[in-house]
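Enquirer: Dropping in my_file_27.cif, with mmCIF, C-alpha atoms and all ligand atoms.
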```cif
data_target
loop_
_atom_site.label_atom_id
_atom_site.label_comp_id
_atom_site.auth_asym_id
_atom_site.auth_seq_id
_atom_site.Cartn_x
_atom_site.Cartn_y
_atom_site.Cartn_z
CA MET H 1 -21.89 -25.60 25.52
CA PRO H 2 -21.42 -28.54 23.13
CA ARG H 3 -17.94 -28.82 21.67
CA ARG H 4 -17.59 -28.48 17.93
CA LYS H 5 -16.80 -31.63 16.03
CA PRO H 6 -13.36 -31.50 14.45
CA ARG H 7 -13.51 -31.02 10.67
CA ALA H 8 -13.10 -34.19 8.65
CA THR H 9 -9.64 -34.57 7.22
CA LYS H 10 -10.30 -37.64 5.15
CA GLY H 11 -8.73 -37.33 1.75
CA ARG H 12 -6.82 -34.15 2.68
CA ARG H 13 -3.06 -34.14 2.62
CA PRO H 14 -1.40 -33.38 5.92
CA THR H 15 0.10 -29.89 6.12
CA LYS H 16 3.86 -29.92 5.72
CA THR H 17 5.98 -28.07 8.23
CA ARG H 18 7.91 -25.35 6.40
CA ALA H 19 11.68 -25.61 6.51
CA ARG H 20 13.09 -22.86 8.68
CA ARG H 21 15.59 -20.37 7.28
CA PRO H 22 18.95 -20.85 8.91
CA ALA H 23 19.55 -18.31 11.68
CA VAL H 24 23.01 -17.56 10.28
CA GLN H 25 23.20 -17.04 6.54
CA VAL H 26 26.13 -18.50 4.68
CA VAL H 27 28.36 -15.78 3.23
CA ARG H 28 29.52 -16.90 -0.19
CA ASN H 29 32.80 -15.64 -1.68
CA ALA H 30 33.46 -13.67 1.48
CA HIS H 31 36.21 -11.07 1.32
CA PRO H 32 38.02 -9.95 4.44
CA ILE H 33 37.91 -6.18 4.92
CA THR H 34 39.38 -3.89 7.54
CA LEU H 35 38.21 -0.35 8.01
CA THR H 36 37.93 2.28 10.71
CA VAL H 37 34.44 3.46 11.61
CA ASN H 38 33.97 6.31 14.06
CA GLY H 39 37.52 5.79 15.29
CA LYS H 40 37.11 2.06 15.87
CA ARG H 41 38.87 -0.57 13.78
CA GLN H 42 36.48 -3.09 12.28
CA GLU H 43 37.26 -6.39 10.60
CA ARG H 44 34.58 -8.30 8.71
CA ARG H 45 34.16 -10.92 6.03
CA VAL H 46 31.66 -9.70 3.46
CA GLU H 47 30.17 -10.68 0.14
CA PRO H 48 31.55 -8.61 -2.75
CA ARG H 49 28.02 -7.36 -3.52
CA LEU H 50 27.39 -5.99 -0.03
CA LEU H 51 26.80 -2.23 -0.10
CA LEU H 52 28.58 0.02 2.34
CA VAL H 53 25.22 1.23 3.67
CA ASP H 54 24.26 -2.35 4.54
CA LEU H 55 27.59 -3.02 6.21
CA LEU H 56 27.11 0.07 8.38
CA ARG H 57 23.45 -0.51 9.22
CA ASP H 58 23.14 -4.29 9.39
CA HIS H 59 26.60 -5.49 10.40
CA LEU H 60 27.73 -2.58 12.56
CA LYS H 61 24.22 -1.54 13.73
CA LEU H 62 24.75 2.13 12.92
CA LYS H 63 21.10 2.96 12.26
CA GLY H 64 21.76 6.69 11.98
CA VAL H 65 22.79 5.89 8.41
CA HIS H 66 19.38 6.19 6.79
CA VAL H 67 18.09 4.67 3.57
CA GLY H 68 15.67 6.73 1.54
CA CYS H 69 15.87 5.71 -2.11
CA ASP H 70 18.68 3.13 -2.30
CA THR H 71 19.42 4.49 -5.77
CA SER H 72 21.79 7.41 -5.13
CA GLN H 73 19.18 10.15 -5.29
CA CYS H 74 18.18 11.27 -1.80
CA GLY H 75 21.43 11.51 0.20
CA ALA H 76 19.90 10.02 3.37
CA CYS H 77 22.72 7.45 3.48
CA THR H 78 25.55 10.02 3.29
CA VAL H 79 28.63 9.28 5.40
CA ILE H 80 32.16 10.68 5.33
CA VAL H 81 34.73 8.38 3.73
CA GLY H 82 38.32 9.57 3.81
CA GLY H 83 37.16 13.14 4.44
CA HIS H 84 34.64 13.22 1.59
CA ALA H 85 30.85 13.00 1.73
CA VAL H 86 29.77 9.78 0.04
CA LYS H 87 26.35 8.24 -0.54
CA SER H 88 26.95 4.87 1.05
CA CYS H 89 24.34 3.14 -1.13
CA THR H 90 26.53 3.84 -4.15
CA MET H 91 29.61 2.08 -2.84
CA PHE H 92 30.44 -1.55 -2.13
CA ALA H 93 31.74 -2.35 1.32
CA VAL H 94 34.87 -3.91 -0.20
CA GLN H 95 35.66 -0.56 -1.84
CA ALA H 96 35.95 0.92 1.64
CA GLU H 97 38.87 -1.38 2.50
CA GLY H 98 41.32 0.59 4.67
CA ALA H 99 39.11 3.69 4.75
CA ASP H 100 38.38 5.97 7.65
CA ILE H 101 34.60 6.38 7.90
CA LEU H 102 32.54 8.78 9.96
CA THR H 103 28.81 8.32 10.52
CA ILE H 104 26.47 10.57 12.48
CA GLU H 105 27.04 8.38 15.56
CA GLY H 106 30.70 9.44 15.57
CA LEU H 107 30.17 13.17 15.09
CA GLY H 108 29.17 14.17 18.58
CA THR H 109 27.64 12.81 21.75
CA PRO H 110 24.37 13.75 23.49
CA GLY H 111 26.43 15.45 26.20
CA ARG H 112 28.82 17.09 23.80
CA MET H 113 27.22 17.83 20.46
CA HIS H 114 29.19 18.83 17.40
CA PRO H 115 28.81 22.55 16.51
CA LEU H 116 26.77 21.56 13.44
CA GLN H 117 24.36 19.60 15.62
CA VAL H 118 24.04 22.57 17.96
CA ALA H 119 23.45 24.90 15.01
CA PHE H 120 20.75 22.65 13.53
CA LYS H 121 19.02 22.58 16.89
CA GLU H 122 19.22 26.34 17.39
CA ASN H 123 18.19 27.24 13.85
CA LEU H 124 15.41 24.67 13.45
CA GLY H 125 17.35 22.96 10.68
CA LEU H 126 15.33 19.77 11.01
CA GLN H 127 11.77 18.64 11.32
CA CYS H 128 11.16 14.90 10.91
CA GLY H 129 14.94 14.37 10.96
CA TYR H 130 15.06 11.65 8.33
CA CYS H 131 17.41 13.54 6.03
CA THR H 132 19.35 15.14 8.88
CA PRO H 133 22.26 12.69 9.41
CA GLY H 134 23.09 12.85 5.71
CA VAL H 135 22.74 16.63 5.50
CA VAL H 136 24.83 17.21 8.62
CA LEU H 137 27.61 14.94 7.33
CA ALA H 138 27.57 16.58 3.89
CA ALA H 139 27.90 19.92 5.69
CA ALA H 140 30.66 18.58 7.95
CA ALA H 141 32.68 17.50 4.90
CA LEU H 142 32.20 20.97 3.40
CA LEU H 143 33.29 22.79 6.56
CA ARG H 144 36.42 20.66 6.82
CA GLU H 145 37.51 21.93 3.41
CA HIS H 146 35.96 25.40 3.55
CA PRO H 147 35.55 26.59 7.14
CA SER H 148 33.78 29.79 5.99
CA PRO H 149 31.69 28.89 2.96
CA SER H 150 29.36 31.23 1.10
CA GLU H 151 25.63 30.52 0.99
CA GLU H 152 26.09 29.36 -2.60
CA GLU H 153 28.80 26.88 -1.57
CA VAL H 154 26.56 25.50 1.18
CA ARG H 155 23.69 25.05 -1.25
CA VAL H 156 25.95 23.23 -3.74
CA ALA H 157 27.42 20.99 -1.00
CA ILE H 158 23.99 19.81 0.16
CA SER H 159 22.43 19.69 -3.31
CA GLY H 160 22.58 15.87 -3.28
CA ASN H 161 20.53 15.69 -0.07
CA LEU H 162 16.78 15.88 -0.36
CA CYS H 163 14.64 17.20 2.47
CA ARG H 164 10.89 16.91 2.32
CA CYS H 165 10.17 19.07 5.37
CA THR H 166 12.25 22.18 5.89
CA GLY H 167 12.35 23.93 2.54
CA TYR H 168 16.17 24.11 2.96
CA ARG H 169 16.27 27.73 4.19
CA ASP H 170 16.79 26.75 7.82
CA ILE H 171 19.27 24.02 6.87
CA VAL H 172 21.41 26.56 5.01
CA ARG H 173 21.10 28.99 7.92
CA SER H 174 22.21 26.23 10.32
CA VAL H 175 25.31 25.37 8.28
CA LEU H 176 26.29 29.03 7.91
CA SER H 177 25.88 29.58 11.62
CA ALA H 178 28.12 26.56 12.40
CA ALA H 179 30.83 27.85 10.05
CA GLY H 180 33.88 28.97 12.01
CA ARG H 181 32.77 26.96 15.06
CA THR H 182 33.88 23.52 13.82
S1 LIG M 201 19.58 5.90 0.14
FE1 LIG M 201 21.49 6.42 -0.71
S2 LIG M 201 21.09 8.18 -1.87
FE2 LIG M 201 19.13 7.59 -1.14
S1 LIG M 202 13.67 17.14 8.10
FE1 LIG M 202 12.23 15.75 7.27
S2 LIG M 202 13.11 15.16 5.38
FE2 LIG M 202 14.42 16.70 6.10
#
```
Before we go any further, please render this structure as structure tokens.
Ligand code: FES
Ligand code: FES
Expert:
Amino acid sequence: MPRRKPRATKGRRPTKTRARRPAVQVVRNAHPITLTVNGKRQERRVEPRLLLVDLLRDHLKLKGVHVGCDTSQCGACTVIVGGHAVKSCTMFAVQAEGADILTIEGLGTPGRMHPLQVAFKENLGLQCGYCTPGVVLAAAALLREHPSPSEEEVRVAISGNLCRCTGYRDIVRSVLSAAGRT
């Protein structure tokens, strides 16, 4: 088969090679922060604008911290900071200086699940699972303060967490069934 003639390049400008992005990005105005995440001390230098959710997901590789809206509406990014449920997309990493943080990765292990995780499994409290880490942590923060909450208190505690699958009934049932077991 005859080989094609190369296309004429006369008069055309040679293609420039694009400059590559540096593999390591320069962190401007970096602030040193120290915090404890899932029982482990962490020290990092971060930009003041870095969100806590991005510190957890991108720097510490805790991908169980989900991002749904990034605008404080869905609750997928909920973690426990100093005992309280917090939407980590609403907080800067530098604001977590010195804090004790719990993400879903620190709640239980596959071999030894937390009672809430067991209850969600038994009561079909999840379907796609996208909202689940945030809902479970919001519930965990509630049960720490109120070990035997009413259904109303459970519904209020998880009211900042949106679920597109379950219709909430089985989530509430799961939390109530875990009450007293945590
Ligand atoms: S991602 Fe934080 S509230 Fe939706
Ligand atoms: S289980 Fe799918 S969004 Fe809640």
Enquirer: Find the residues near ligand LIG 202 (chain M). Use a cut-off of 6 Å, count all atoms listed in the file, and write them as a VMD selection string.
Expert: chain H and resid 126 to 132 163 to 166
Enquirer: Hey, which residues sit close to ligand LIG 201 (chain M)? Say within 7 Å, counting only C-alpha atoms and all ligand atoms, and write them as an MDAnalysis selection string.
Expert: chainID H and resid 66:78 87:90
Enquirer: Neighbouring residues of region 33-35 of chain H were defined as those with any atom within 12 Å, considering only C-alpha atoms; residues of the same chain fewer than 6 positions away were excluded. Please report them as a list in words.
Expert: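 Surrounding residues, per the criterion: Arg41, Gln42, Glu43, Arg44, Arg45, Val46, Glu47, Pro48, Leu50, Leu52, Leu55, Leu56, Leu60, Val81, Gly82, Phe92, Ala93, Val94, Gln95, Ala96, Glu97, Gly98, Ala99, Asp100, Ile101 and Leu102 of chain H.
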Enquirer: Would you output that residue set with C-alpha atoms, as a CSV table (one decimal), keeping the file's coordinate frame?
Expert:
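Done, and the output landed in selection-v3.csv:
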```csv
chain,number,residue,atom,x,y,z
H,41,ARG,CA,38.9,-0.6,13.8
H,42,GLN,CA,36.5,-3.1,12.3
H,43,GLU,CA,37.3,-6.4,10.6
H,44,ARG,CA,34.6,-8.3,8.7
H,45,ARG,CA,34.2,-10.9,6.0
H,46,VAL,CA,31.7,-9.7,3.5
H,47,GLU,CA,30.2,-10.7,0.1
H,48,PRO,CA,31.6,-8.6,-2.8
H,50,LEU,CA,27.4,-6.0,0.0
H,52,LEU,CA,28.6,0.0,2.3
H,55,LEU,CA,27.6,-3.0,6.2
H,56,LEU,CA,27.1,0.1,8.4
H,60,LEU,CA,27.7,-2.6,12.6
H,81,VAL,CA,34.7,8.4,3.7
H,82,GLY,CA,38.3,9.6,3.8
H,92,PHE,CA,30.4,-1.6,-2.1
H,93,ALA,CA,31.7,-2.4,1.3
H,94,VAL,CA,34.9,-3.9,-0.2
H,95,GLN,CA,35.7,-0.6,-1.8
H,96,ALA,CA,36.0,0.9,1.6
H,97,GLU,CA,38.9,-1.4,2.5
H,98,GLY,CA,41.3,0.6,4.7
H,99,ALA,CA,39.1,3.7,4.8
H,100,ASP,CA,38.4,6.0,7.6
H,101,ILE,CA,34.6,6.4,7.9
H,102,LEU,CA,32.5,8.8,10.0
```
Enquirer: So the first atom is CA of Glu153 (chain H) and the second is CA of Ala179 (chain H); what is the distance between them in Å, to one decimal place?
Expert: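 Computing it gives 11.8 Å between the two atoms.
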Enquirer: Do you have the CA of Ala139 (chain H)-CA of Gly83 (chain H) distance handy?
Expert: 11.5 Å
Enquirer: Just the residues within 12 Å of Glu145 (chain H), please, counting only C-alpha atoms, with nothing from its chain fewer than 4 positions along; format it as number ranges by chain.
Expert: H: 83-85, 138-141, 149, 153-154, 157, 179-180, 182
Enquirer: One number please: CA of Arg181 (chain H) to CA of Pro115 (chain H), in Å, one decimal.
Expert: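 Rounded to one decimal, the two atoms are 6.1 Å apart.
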Enquirer: Kindly provide, as a ChimeraX atom specification, the polymer residues lying within 12 Å of (22.7, 25.3, 17.5), counting only C-alpha atoms and using the coordinates exactly as they appear in the file.
Expert: /H:113-126,170-171,173-179,181-182
Enquirer: Restricting the calculation to all atoms listed in the file, which member of H:Val86, H:Ile104, H:Met91, H:Ile158 is positioned closest to Val65 (chain H)?
Expert: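 Going through H:Val86, H:Ile104, H:Met91, H:Ile158 one by one, the smallest distance to Val65 (chain H) is for H:Ile104.
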